[in-house]
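Okay, my_file27.cif is below, mmCIF, C-alpha atoms:
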```cif
data_data
loop_
_atom_site.group_PDB
_atom_site.id
_atom_site.type_symbol
_atom_site.label_atom_id
_atom_site.label_comp_id
_atom_site.auth_asym_id
_atom_site.auth_seq_id
_atom_site.Cartn_x
_atom_site.Cartn_y
_atom_site.Cartn_z
ATOM 1 C CA MET B 1 33.837 -34.255 55.134
ATOM 2 C CA ASP B 2 35.429 -33.972 51.697
ATOM 3 C CA ARG B 3 33.881 -37.280 50.670
ATOM 4 C CA ILE B 4 30.447 -36.204 51.969
ATOM 5 C CA GLY B 5 30.791 -32.900 50.092
ATOM 6 C CA LYS B 6 31.626 -34.727 46.876
ATOM 7 C CA ASP B 7 28.660 -37.049 47.331
ATOM 8 C CA LEU B 8 26.361 -34.073 47.805
ATOM 9 C CA ASP B 9 27.751 -32.402 44.673
ATOM 10 C CA ASN B 10 27.171 -35.595 42.666
ATOM 11 C CA LEU B 11 23.626 -35.799 44.029
ATOM 12 C CA ARG B 12 22.913 -32.219 42.979
ATOM 13 C CA VAL B 13 24.257 -32.899 39.468
ATOM 14 C CA ASN B 14 22.149 -36.064 39.136
ATOM 15 C CA MET B 15 19.030 -34.225 40.331
ATOM 16 C CA ALA B 16 19.661 -31.401 37.879
ATOM 17 C CA ASN B 17 20.110 -33.887 35.029
ATOM 18 C CA GLU B 18 16.874 -35.643 35.969
ATOM 19 C CA GLN B 19 15.036 -32.310 35.877
ATOM 20 C CA ARG B 20 16.133 -31.450 32.340
ATOM 21 C CA ILE B 21 13.006 -31.433 30.169
ATOM 22 C CA LEU B 22 12.783 -31.514 26.380
ATOM 23 C CA GLU B 23 9.041 -30.821 26.248
ATOM 24 C CA GLY B 24 5.810 -31.509 28.128
ATOM 25 C CA PHE B 25 5.060 -28.111 29.671
ATOM 26 C CA LYS B 26 1.595 -27.258 30.930
ATOM 27 C CA GLY B 27 -0.298 -25.334 28.248
ATOM 28 C CA GLN B 28 2.239 -26.062 25.525
ATOM 29 C CA HIS B 29 1.520 -26.426 21.807
ATOM 30 C CA LEU B 30 3.793 -28.746 19.831
ATOM 31 C CA ILE B 31 3.229 -29.776 16.228
ATOM 32 C CA VAL B 32 5.530 -32.105 14.299
ATOM 33 C CA VAL B 33 4.690 -32.678 10.640
ATOM 34 C CA PRO B 34 4.580 -36.471 10.112
ATOM 35 C CA ASP B 35 7.324 -37.908 7.919
ATOM 36 C CA ASP B 36 4.910 -39.210 5.289
ATOM 37 C CA ILE B 37 3.348 -35.735 4.931
ATOM 38 C CA ARG B 38 6.764 -34.119 4.708
ATOM 39 C CA TRP B 39 8.002 -36.557 2.050
ATOM 40 C CA ARG B 40 4.818 -35.984 0.099
ATOM 41 C CA PHE B 41 4.935 -32.183 0.092
ATOM 42 C CA GLU B 42 8.458 -30.867 0.716
ATOM 43 C CA ARG B 43 9.331 -30.814 -3.016
ATOM 44 C CA HIS B 44 6.150 -28.992 -3.957
ATOM 45 C CA PRO B 45 6.983 -25.698 -5.759
ATOM 46 C CA LEU B 46 5.283 -23.702 -3.001
ATOM 47 C CA LEU B 47 7.116 -25.535 -0.197
ATOM 48 C CA SER B 48 10.553 -26.478 -1.528
ATOM 49 C CA GLY B 49 11.911 -23.028 -0.721
ATOM 50 C CA LEU B 50 10.782 -23.049 2.894
ATOM 51 C CA PHE B 51 9.067 -25.918 4.697
ATOM 52 C CA VAL B 52 8.099 -25.733 8.375
ATOM 53 C CA THR B 53 8.685 -29.199 9.842
ATOM 54 C CA ASP B 54 7.957 -28.505 13.543
ATOM 55 C CA ALA B 55 6.632 -25.559 15.515
ATOM 56 C CA GLY B 56 5.331 -24.804 18.968
ATOM 57 C CA PHE B 57 4.804 -22.721 22.067
ATOM 58 C CA PHE B 58 6.326 -23.543 25.482
ATOM 59 C CA PRO B 59 4.964 -21.386 28.343
ATOM 60 C CA HIS B 60 7.002 -20.973 31.530
ATOM 61 C CA ALA B 61 9.285 -23.825 30.446
ATOM 62 C CA SER B 62 10.990 -24.698 33.732
ATOM 63 C CA TRP B 63 14.024 -26.982 33.389
ATOM 64 C CA HIS B 64 13.821 -26.818 29.611
ATOM 65 C CA PHE B 65 17.097 -28.094 28.167
ATOM 66 C CA VAL B 66 18.175 -29.360 24.730
ATOM 67 C CA GLU B 67 21.658 -30.361 23.611
ATOM 68 C CA ARG B 68 22.562 -31.444 20.075
ATOM 69 C CA PRO B 69 26.307 -32.170 19.691
ATOM 70 C CA LYS B 70 25.898 -32.616 15.935
ATOM 71 C CA GLY B 71 23.179 -30.029 15.470
ATOM 72 C CA ALA B 72 19.689 -30.592 14.100
ATOM 73 C CA ALA B 73 18.721 -31.683 10.604
ATOM 74 C CA THR B 74 16.768 -28.453 10.232
ATOM 75 C CA THR B 75 17.286 -24.795 11.115
ATOM 76 C CA LEU B 76 15.658 -23.715 14.386
ATOM 77 C CA VAL B 77 14.348 -20.236 15.224
ATOM 78 C CA ILE B 78 13.303 -19.406 18.798
ATOM 79 C CA LEU B 79 11.514 -16.255 19.973
ATOM 80 C CA CYS B 80 11.758 -15.493 23.694
ATOM 81 C CA LEU B 81 8.447 -13.980 24.802
ATOM 82 C CA ALA B 82 9.136 -13.745 28.533
ATOM 83 C CA GLY B 83 11.565 -14.962 31.169
ATOM 84 C CA ARG B 84 15.158 -15.750 30.307
ATOM 85 C CA GLY B 85 17.228 -18.500 28.770
ATOM 86 C CA TRP B 86 20.601 -19.229 27.258
ATOM 87 C CA VAL B 87 22.072 -20.706 24.102
ATOM 88 C CA ARG B 88 25.488 -22.269 23.455
ATOM 89 C CA ILE B 89 26.814 -21.953 19.904
ATOM 90 C CA GLY B 90 30.277 -21.635 18.444
ATOM 91 C CA GLY B 91 31.872 -22.423 21.787
ATOM 92 C CA ARG B 92 30.125 -19.489 23.516
ATOM 93 C CA GLU B 93 27.206 -19.389 25.922
ATOM 94 C CA LEU B 94 24.935 -16.391 25.366
ATOM 95 C CA ALA B 95 22.060 -15.027 27.441
ATOM 96 C CA VAL B 96 18.628 -14.816 25.842
ATOM 97 C CA GLU B 97 16.259 -12.049 26.968
ATOM 98 C CA PRO B 98 12.612 -11.253 26.130
ATOM 99 C CA GLY B 99 12.281 -10.060 22.540
ATOM 100 C CA ASN B 100 15.466 -11.842 21.427
ATOM 101 C CA VAL B 101 15.376 -14.232 18.480
ATOM 102 C CA VAL B 102 17.734 -17.223 18.419
ATOM 103 C CA TRP B 103 18.765 -18.620 15.019
ATOM 104 C CA LEU B 104 20.436 -22.055 15.042
ATOM 105 C CA ASN B 105 21.599 -23.258 11.643
ATOM 106 C CA ALA B 106 21.157 -26.886 10.673
ATOM 107 C CA GLN B 107 24.037 -29.315 11.237
ATOM 108 C CA ARG B 108 25.718 -26.997 13.767
ATOM 109 C CA ALA B 109 26.362 -28.132 17.344
ATOM 110 C CA HIS B 110 24.300 -26.247 19.905
ATOM 111 C CA ALA B 111 22.557 -26.364 23.245
ATOM 112 C CA TYR B 112 19.946 -24.175 24.846
ATOM 113 C CA GLY B 113 17.734 -23.998 27.865
ATOM 114 C CA ALA B 114 15.630 -21.978 30.272
ATOM 115 C CA ASP B 115 17.029 -19.874 33.080
ATOM 116 C CA ALA B 116 16.753 -21.744 36.398
ATOM 117 C CA LYS B 117 15.251 -18.809 38.325
ATOM 118 C CA LEU B 118 13.183 -17.140 35.598
ATOM 119 C CA PRO B 119 12.400 -19.778 32.940
ATOM 120 C CA TRP B 120 11.555 -18.553 29.510
ATOM 121 C CA THR B 121 8.334 -18.663 27.513
ATOM 122 C CA ILE B 122 9.127 -19.294 23.867
ATOM 123 C CA GLU B 123 7.661 -19.793 20.427
ATOM 124 C CA TRP B 124 9.774 -21.727 17.955
ATOM 125 C CA ALA B 125 9.865 -23.340 14.523
ATOM 126 C CA HIS B 126 12.120 -25.765 12.656
ATOM 127 C CA VAL B 127 12.440 -25.079 8.929
ATOM 128 C CA THR B 128 14.230 -26.463 5.904
ATOM 129 C CA GLY B 129 14.373 -25.601 2.206
ATOM 130 C CA SER B 130 16.438 -23.825 -0.421
ATOM 131 C CA GLU B 131 15.615 -20.321 0.912
ATOM 132 C CA VAL B 132 16.845 -20.785 4.468
ATOM 133 C CA GLY B 133 20.496 -20.006 3.809
ATOM 134 C CA ALA B 134 19.595 -16.886 1.841
ATOM 135 C CA TRP B 135 17.415 -15.637 4.712
ATOM 136 C CA ALA B 136 20.287 -16.182 7.156
ATOM 137 C CA GLU B 137 22.552 -14.188 4.856
ATOM 138 C CA LEU B 138 19.991 -11.394 4.522
ATOM 139 C CA LEU B 139 19.766 -11.204 8.314
ATOM 140 C CA GLU B 140 23.601 -11.118 8.429
ATOM 141 C CA LEU B 141 23.920 -14.128 10.699
ATOM 142 C CA PRO B 142 27.207 -16.058 11.133
ATOM 143 C CA PRO B 143 27.505 -19.683 9.869
ATOM 144 C CA GLU B 144 26.726 -21.257 13.253
ATOM 145 C CA GLY B 145 23.771 -18.955 13.877
ATOM 146 C CA GLY B 146 23.332 -16.290 16.505
ATOM 147 C CA ILE B 147 20.996 -14.042 18.478
ATOM 148 C CA ILE B 148 19.072 -11.122 17.023
ATOM 149 C CA ARG B 149 18.833 -8.666 19.909
ATOM 150 C CA ARG B 150 15.491 -6.877 20.167
ATOM 151 C CA GLU B 151 13.646 -4.904 22.819
ATOM 152 C CA ALA B 152 11.457 -6.838 25.253
ATOM 153 C CA SER B 153 8.478 -4.710 24.214
ATOM 154 C CA ALA B 154 8.847 -6.053 20.657
ATOM 155 C CA SER B 155 8.406 -9.694 21.664
ATOM 156 C CA THR B 156 4.668 -9.735 20.979
ATOM 157 C CA GLU B 157 5.024 -7.865 17.678
ATOM 158 C CA LEU B 158 6.649 -10.791 15.882
ATOM 159 C CA PRO B 159 3.921 -13.181 14.636
ATOM 160 C CA LEU B 160 5.778 -16.465 15.091
ATOM 161 C CA GLY B 161 2.687 -17.874 16.786
ATOM 162 C CA ARG B 162 0.913 -17.814 13.438
ATOM 163 C CA VAL B 163 3.260 -20.571 12.277
ATOM 164 C CA TRP B 164 2.237 -23.223 14.798
ATOM 165 C CA GLN B 165 -1.378 -22.073 14.636
ATOM 166 C CA CYS B 166 -1.425 -22.794 10.888
ATOM 167 C CA LEU B 167 -0.048 -26.293 11.445
ATOM 168 C CA GLU B 168 -2.573 -27.014 14.173
ATOM 169 C CA ARG B 169 -5.322 -26.691 11.575
ATOM 170 C CA GLY B 170 -4.018 -29.800 9.806
ATOM 171 C CA TYR B 171 -1.464 -30.940 7.261
ATOM 172 C CA THR B 172 -3.206 -29.904 4.056
ATOM 173 C CA LEU B 173 -1.164 -28.242 1.353
ATOM 174 C CA ALA B 174 -2.920 -24.940 2.062
ATOM 175 C CA ASN B 175 -2.046 -25.060 5.791
ATOM 176 C CA LEU B 176 1.568 -26.021 5.123
ATOM 177 C CA VAL B 177 1.908 -23.157 2.646
ATOM 178 C CA ALA B 178 0.263 -20.775 5.125
ATOM 179 C CA ALA B 179 2.795 -21.793 7.794
ATOM 180 C CA GLY B 180 5.643 -21.074 5.396
ATOM 181 C CA VAL B 181 4.182 -17.691 4.460
ATOM 182 C CA ALA B 182 3.741 -16.810 8.152
ATOM 183 C CA PHE B 183 7.372 -17.719 8.811
ATOM 184 C CA ARG B 184 8.513 -15.533 5.907
ATOM 185 C CA HIS B 185 6.521 -12.654 7.409
ATOM 186 C CA VAL B 186 8.491 -13.109 10.630
ATOM 187 C CA LEU B 187 11.812 -12.994 8.786
ATOM 188 C CA ALA B 188 10.775 -9.993 6.706
ATOM 189 C CA ALA B 189 9.712 -8.186 9.887
ATOM 190 C CA LEU B 190 13.090 -8.937 11.457
ATOM 191 C CA LYS B 191 14.872 -7.553 8.431
ATOM 192 C CA GLY B 192 12.673 -4.477 8.398
ATOM 193 C CA GLU B 193 13.558 -3.522 11.954
ATOM 194 C CA ARG B 194 16.244 -0.900 12.320
ATOM 195 C CA ALA B 195 19.126 -1.180 14.756
ATOM 196 C CA PRO B 196 19.561 1.532 17.411
ATOM 197 C CA PRO B 197 21.457 4.671 16.258
ATOM 198 C CA GLY B 198 25.184 4.079 16.087
ATOM 199 C CA THR B 199 24.833 0.304 15.747
ATOM 200 C CA ARG B 200 23.347 0.078 12.254
ATOM 201 C CA SER B 201 24.805 -2.591 10.021
ATOM 202 C CA PRO B 202 26.302 -1.605 6.625
ATOM 203 C CA ARG B 203 23.250 -3.136 4.958
ATOM 204 C CA ASP B 204 20.954 -0.914 7.035
ATOM 205 C CA ARG B 205 23.042 2.137 6.154
ATOM 206 C CA VAL B 206 22.617 1.423 2.446
ATOM 207 C CA ALA B 207 18.873 0.971 3.002
ATOM 208 C CA ALA B 208 18.764 4.332 4.784
ATOM 209 C CA THR B 209 20.310 6.085 1.793
ATOM 210 C CA ILE B 210 17.702 4.500 -0.485
ATOM 211 C CA ASP B 211 14.972 5.830 1.819
ATOM 212 C CA TRP B 212 16.597 9.257 1.526
ATOM 213 C CA MET B 213 16.685 8.988 -2.286
ATOM 214 C CA LYS B 214 12.951 8.226 -2.411
ATOM 215 C CA LEU B 215 12.206 11.360 -0.390
ATOM 216 C CA ASN B 216 14.500 13.593 -2.463
ATOM 217 C CA LEU B 217 13.877 12.622 -6.078
ATOM 218 C CA GLY B 218 13.709 16.246 -7.198
ATOM 219 C CA ARG B 219 17.165 17.296 -6.005
ATOM 220 C CA GLN B 220 20.641 16.649 -7.321
ATOM 221 C CA THR B 221 23.140 14.550 -5.386
ATOM 222 C CA ARG B 222 26.621 13.142 -5.727
ATOM 223 C CA LEU B 223 28.221 9.867 -4.734
ATOM 224 C CA ASP B 224 30.225 11.462 -1.931
ATOM 225 C CA GLU B 225 27.057 12.941 -0.415
ATOM 226 C CA LEU B 226 25.311 9.561 -0.384
ATOM 227 C CA ALA B 227 28.404 7.908 1.077
ATOM 228 C CA SER B 228 28.492 10.554 3.802
ATOM 229 C CA LEU B 229 24.864 9.802 4.681
ATOM 230 C CA ALA B 230 25.857 6.134 5.056
ATOM 231 C CA GLY B 231 28.937 7.011 7.116
ATOM 232 C CA MET B 232 31.302 5.296 4.670
ATOM 233 C CA SER B 233 33.994 6.176 2.190
ATOM 234 C CA SER B 234 32.765 6.656 -1.383
ATOM 235 C CA ALA B 235 34.627 3.557 -2.605
ATOM 236 C CA HIS B 236 33.321 1.286 0.162
ATOM 237 C CA TYR B 237 29.765 2.602 -0.112
ATOM 238 C CA SER B 238 29.717 2.265 -3.891
ATOM 239 C CA ALA B 239 31.031 -1.310 -3.808
ATOM 240 C CA LEU B 240 28.610 -2.350 -1.055
ATOM 241 C CA PHE B 241 25.662 -0.661 -2.782
ATOM 242 C CA ARG B 242 26.414 -2.345 -6.113
ATOM 243 C CA ARG B 243 26.788 -5.735 -4.416
ATOM 244 C CA GLN B 244 23.451 -5.381 -2.585
ATOM 245 C CA ILE B 245 21.319 -3.588 -5.174
ATOM 246 C CA GLY B 246 22.923 -4.472 -8.508
ATOM 247 C CA PHE B 247 23.437 -0.863 -9.686
ATOM 248 C CA PRO B 248 25.831 1.966 -8.809
ATOM 249 C CA PRO B 249 24.250 4.388 -6.311
ATOM 250 C CA VAL B 250 23.787 7.389 -8.637
ATOM 251 C CA ASP B 251 22.493 5.189 -11.464
ATOM 252 C CA PHE B 252 19.965 3.649 -9.061
ATOM 253 C CA PHE B 253 18.914 7.143 -7.947
ATOM 254 C CA LEU B 254 18.274 8.094 -11.584
ATOM 255 C CA ARG B 255 16.246 4.919 -12.059
ATOM 256 C CA LEU B 256 14.109 5.826 -9.040
ATOM 257 C CA ARG B 257 13.436 9.163 -10.747
ATOM 258 C CA ILE B 258 12.404 7.401 -13.946
ATOM 259 C CA GLN B 259 10.145 5.096 -11.919
ATOM 260 C CA ARG B 260 8.442 8.144 -10.413
ATOM 261 C CA ALA B 261 8.186 9.753 -13.848
ATOM 262 C CA CYS B 262 6.374 6.668 -15.146
ATOM 263 C CA GLN B 263 3.792 7.073 -12.378
ATOM 264 C CA LEU B 264 3.296 10.753 -13.219
ATOM 265 C CA LEU B 265 2.995 10.110 -16.952
ATOM 266 C CA VAL B 266 0.102 7.760 -16.282
ATOM 267 C CA SER B 267 -1.613 9.636 -13.453
ATOM 268 C CA ASN B 268 -1.757 13.157 -14.956
ATOM 269 C CA ARG B 269 -1.545 15.064 -18.254
ATOM 270 C CA ASP B 270 1.222 17.506 -17.293
ATOM 271 C CA PRO B 271 3.705 18.338 -20.068
ATOM 272 C CA ILE B 272 6.667 16.000 -20.252
ATOM 273 C CA ALA B 273 9.042 18.888 -19.527
ATOM 274 C CA ALA B 274 7.150 19.621 -16.305
ATOM 275 C CA ILE B 275 7.343 15.985 -15.228
ATOM 276 C CA ALA B 276 11.061 15.937 -16.015
ATOM 277 C CA GLN B 277 11.519 18.992 -13.808
ATOM 278 C CA GLU B 278 9.524 17.427 -10.965
ATOM 279 C CA VAL B 279 11.761 14.331 -10.852
ATOM 280 C CA GLY B 280 14.988 16.310 -10.965
ATOM 281 C CA PHE B 281 15.854 16.530 -14.667
ATOM 282 C CA ALA B 282 16.466 20.182 -15.587
ATOM 283 C CA ASP B 283 17.039 19.280 -19.252
ATOM 284 C CA PRO B 284 13.963 17.587 -20.815
ATOM 285 C CA TYR B 285 16.082 16.252 -23.683
ATOM 286 C CA TYR B 286 18.436 14.473 -21.288
ATOM 287 C CA PHE B 287 15.386 13.182 -19.433
ATOM 288 C CA THR B 288 13.986 11.726 -22.655
ATOM 289 C CA ARG B 289 17.293 10.075 -23.548
ATOM 290 C CA TYR B 290 17.694 8.516 -20.100
ATOM 291 C CA PHE B 291 14.036 7.480 -19.995
ATOM 292 C CA ARG B 292 14.455 5.666 -23.314
ATOM 293 C CA ARG B 293 17.605 3.966 -22.036
ATOM 294 C CA VAL B 294 15.823 2.614 -18.963
ATOM 295 C CA MET B 295 12.317 1.944 -20.298
ATOM 296 C CA GLY B 296 13.050 1.148 -23.950
ATOM 297 C CA CYS B 297 10.700 3.851 -25.274
ATOM 298 C CA SER B 298 10.208 7.625 -25.096
ATOM 299 C CA PRO B 299 8.103 9.245 -22.354
ATOM 300 C CA ARG B 300 5.516 10.180 -24.960
ATOM 301 C CA ASP B 301 5.212 6.598 -26.220
ATOM 302 C CA TYR B 302 5.094 5.265 -22.650
ATOM 303 C CA ARG B 303 2.161 7.565 -21.912
ATOM 304 C CA LYS B 304 0.307 6.324 -25.000
ATOM 305 C CA THR B 305 0.847 2.629 -24.222
ATOM 306 C CA PRO B 306 -2.213 0.991 -22.588
ATOM 307 C CA LYS B 307 -1.502 -0.026 -18.980
ATOM 308 C CA GLY B 308 -2.890 -2.862 -16.908
#
```
What is this file in structure tokens?
Amino acid sequence: MDRIGKDLDNLRVNMANEQRILEGFKGQHLIVVPDDIRWRFERHPLLSGLFVTDAGFFPHASWHFVERPKGAATTLVILCLAGRGWVRIGGRELAVEPGNVVWLNAQRAHAYGADAKLPWTIEWAHVTGSEVGAWAELLELPPEGGIIRREASASTELPLGRVWQCLERGYTLANLVAAGVAFRHVLAALKGERAPPGTRSPRDRVAATIDWMKLNLGRQTRLDELASLAGMSSAHYSALFRRQIGFPPVDFFLRLRIQRACQLLVSNRDPIAAIAQEVGFADPYYFTRYFRRVMGCSPRDYRKTPKG
């Protein structure tokens, strides 16, 4: 009986292996940019930063399975539209749900596939170029890649389908550029989404304080107040803010005020002292000095300078 049981187990394994499918799903779209087109265009100034090499749509991808022990030559992004799947990266196997985005960095071992009972429907794209690493950093992804957890209801709000649709129109420079732009829109949308309360990343907390600054240009604030809004110590917040934005928090707040003052100087004829008051400068002389420091001229001269 033991031998029969082992034979049955081996048969099940062999059947499962035979049913593993890379592609070929009914209703699928799969576009691979030919090598000669890629070699011709990938160094073009509009494509060297981000070049989409492959993209597609796999509906109800039963038995879908891919394993790359040495990783892929390009970075792969997968959006789960429906069903379920899994991904194995960094020695861990993670579940993929509708709305989730999988990011698999180039040259990193990985495997992924559809759930056996409820196979996923996915859109995906392979990309390469000098921008890819910076996008991964902006999205705060680990070196091997990871999963960006999103609500199932958000799955149709991410326009990854535009990428493969652009490539289906042909391999002209314009279509290749359009695919890259569409992919950047996806990444920008991912970055723009906010995490649920209590799970915001430090980067999101800094962004939230900038949003607060823009809504409160007319009031005074201190570093400790901004740090409290971010839920950090003043030292940690200040260091993180400077690293992300390039300016200390209070200095950046003052620059936002000057930016608003520039808009008011052009859009109306209010006295300079009134504009200074509106953007939070009680002393018009200090306003003028700081304005000159930032803009290189006085408010009066800025107003006189032709724009556009």
As a check of understanding: the span from atom CA of B:Ala235 to atom CA of B:Gly133 is 28.2 Å
Notebook entry, point to check: Written as a list of chain:residue names, what is the full residue list that the PyMOL selection byres ((chain B and resi 249) around 10) yields on the file shown?
Noted result: B:Val206, B:Thr209, B:Ile210, B:Met213, B:Arg222, B:Leu223, B:Leu226, B:Ala227, B:Tyr237, B:Ser238, B:Ala239, B:Leu240, B:Phe241, B:Arg242, B:Ile245, B:Gly246, B:Phe247, B:Pro248, B:Val250, B:Asp251, B:Phe252, B:Phe253, B:Leu254, B:Arg255
Sel. within 8 Å of pt (16.2, -25.1, 7.9), counting all atoms listed in the file, output as JSON, numbers by chain: {"B": [50, 51, 73, 74, 75, 76, 105, 106, 126, 127, 128, 129, 132, 133]}
File dump, residues just selected, C-alpha atoms, as a CSV table (one decimal), in the frame of the given file:
```
chain,number,residue,atom,x,y,z
B,50,LEU,CA,10.8,-23.0,2.9
B,51,PHE,CA,9.1,-25.9,4.7
B,73,ALA,CA,18.7,-31.7,10.6
B,74,THR,CA,16.8,-28.5,10.2
B,75,THR,CA,17.3,-24.8,11.1
B,76,LEU,CA,15.7,-23.7,14.4
B,105,ASN,CA,21.6,-23.3,11.6
B,106,ALA,CA,21.2,-26.9,10.7
B,126,HIS,CA,12.1,-25.8,12.7
B,127,VAL,CA,12.4,-25.1,8.9
B,128,THR,CA,14.2,-26.5,5.9
B,129,GLY,CA,14.4,-25.6,2.2
B,132,VAL,CA,16.8,-20.8,4.5
B,133,GLY,CA,20.5,-20.0,3.8
```
Between stretch 191-259 of chain B and stretch 137-149 of chain B, at 10 Å or less, what are the per-residue closest atom pairs and their distances in Å? Count all atoms listed in the file, order by chain and rising residue number, and return it as a Markdown table.
```
| residue | atom | partner | partner_atom | distance |
| --- | --- | --- | --- | --- |
| B:Lys191 | CA | B:Leu139 | CA | 6.1 |
| B:Gly192 | CA | B:Leu139 | CA | 9.8 |
| B:Ala195 | CA | B:Arg149 | CA | 9.1 |
| B:Ser201 | CA | B:Glu140 | CA | 8.8 |
| B:Arg203 | CA | B:Glu140 | CA | 8.7 |
| B:Gln244 | CA | B:Leu138 | CA | 9.9 |
```
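Relative to atom CA of B:Ala274, atom CA of B:Met295 is found at 18.8 Å.
Comparing the minimum interatomic distances between B:Ala82 and each of B:Asp115, B:Asp283, B:Asp35, B:Glu42, counting all atoms listed in the file, we find that B:Asp115 sits nearest.
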Taking the file above as input, evaluate the PyMOL selection byres ((chain B and resi 34) around 12) and report the hits as a VMD selection string.
chain B and resid 31 to 33 35 to 42 52 to 54 167 170 to 172 176
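Each of B:His110, B:Ala72, B:Ser130, B:Glu168 was checked against B:Phe57 using only C-alpha atoms; the smallest atom-to-atom distance is that of B:Glu168.
Residues captured in this structure file are Arg20, Ile21, Leu22, Trp63, His64, Val66, Glu67, Tyr112, Gly113 and Ala114 of chain B, according to the PyMOL selection byres ((chain B and resi 65) around 7).
Distances to B:Leu30 were evaluated for B:Leu173, B:Leu187, B:Asn216, B:Val163 using only C-alpha atoms, and the minimum falls at B:Val163.
In this structure, atom CA of B:Cys262 sits 20.9 Å away from atom CA of B:Thr221.
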Next item on the list: Tell me which protein, DNA and RNA residues are within 9 Å of B:Glu93, counting all atoms listed in the file, leaving out same-chain ones fewer than 6 positions away, and put them as a PyMOL selection string.
Entry: chain B and resi 86-87+111-112
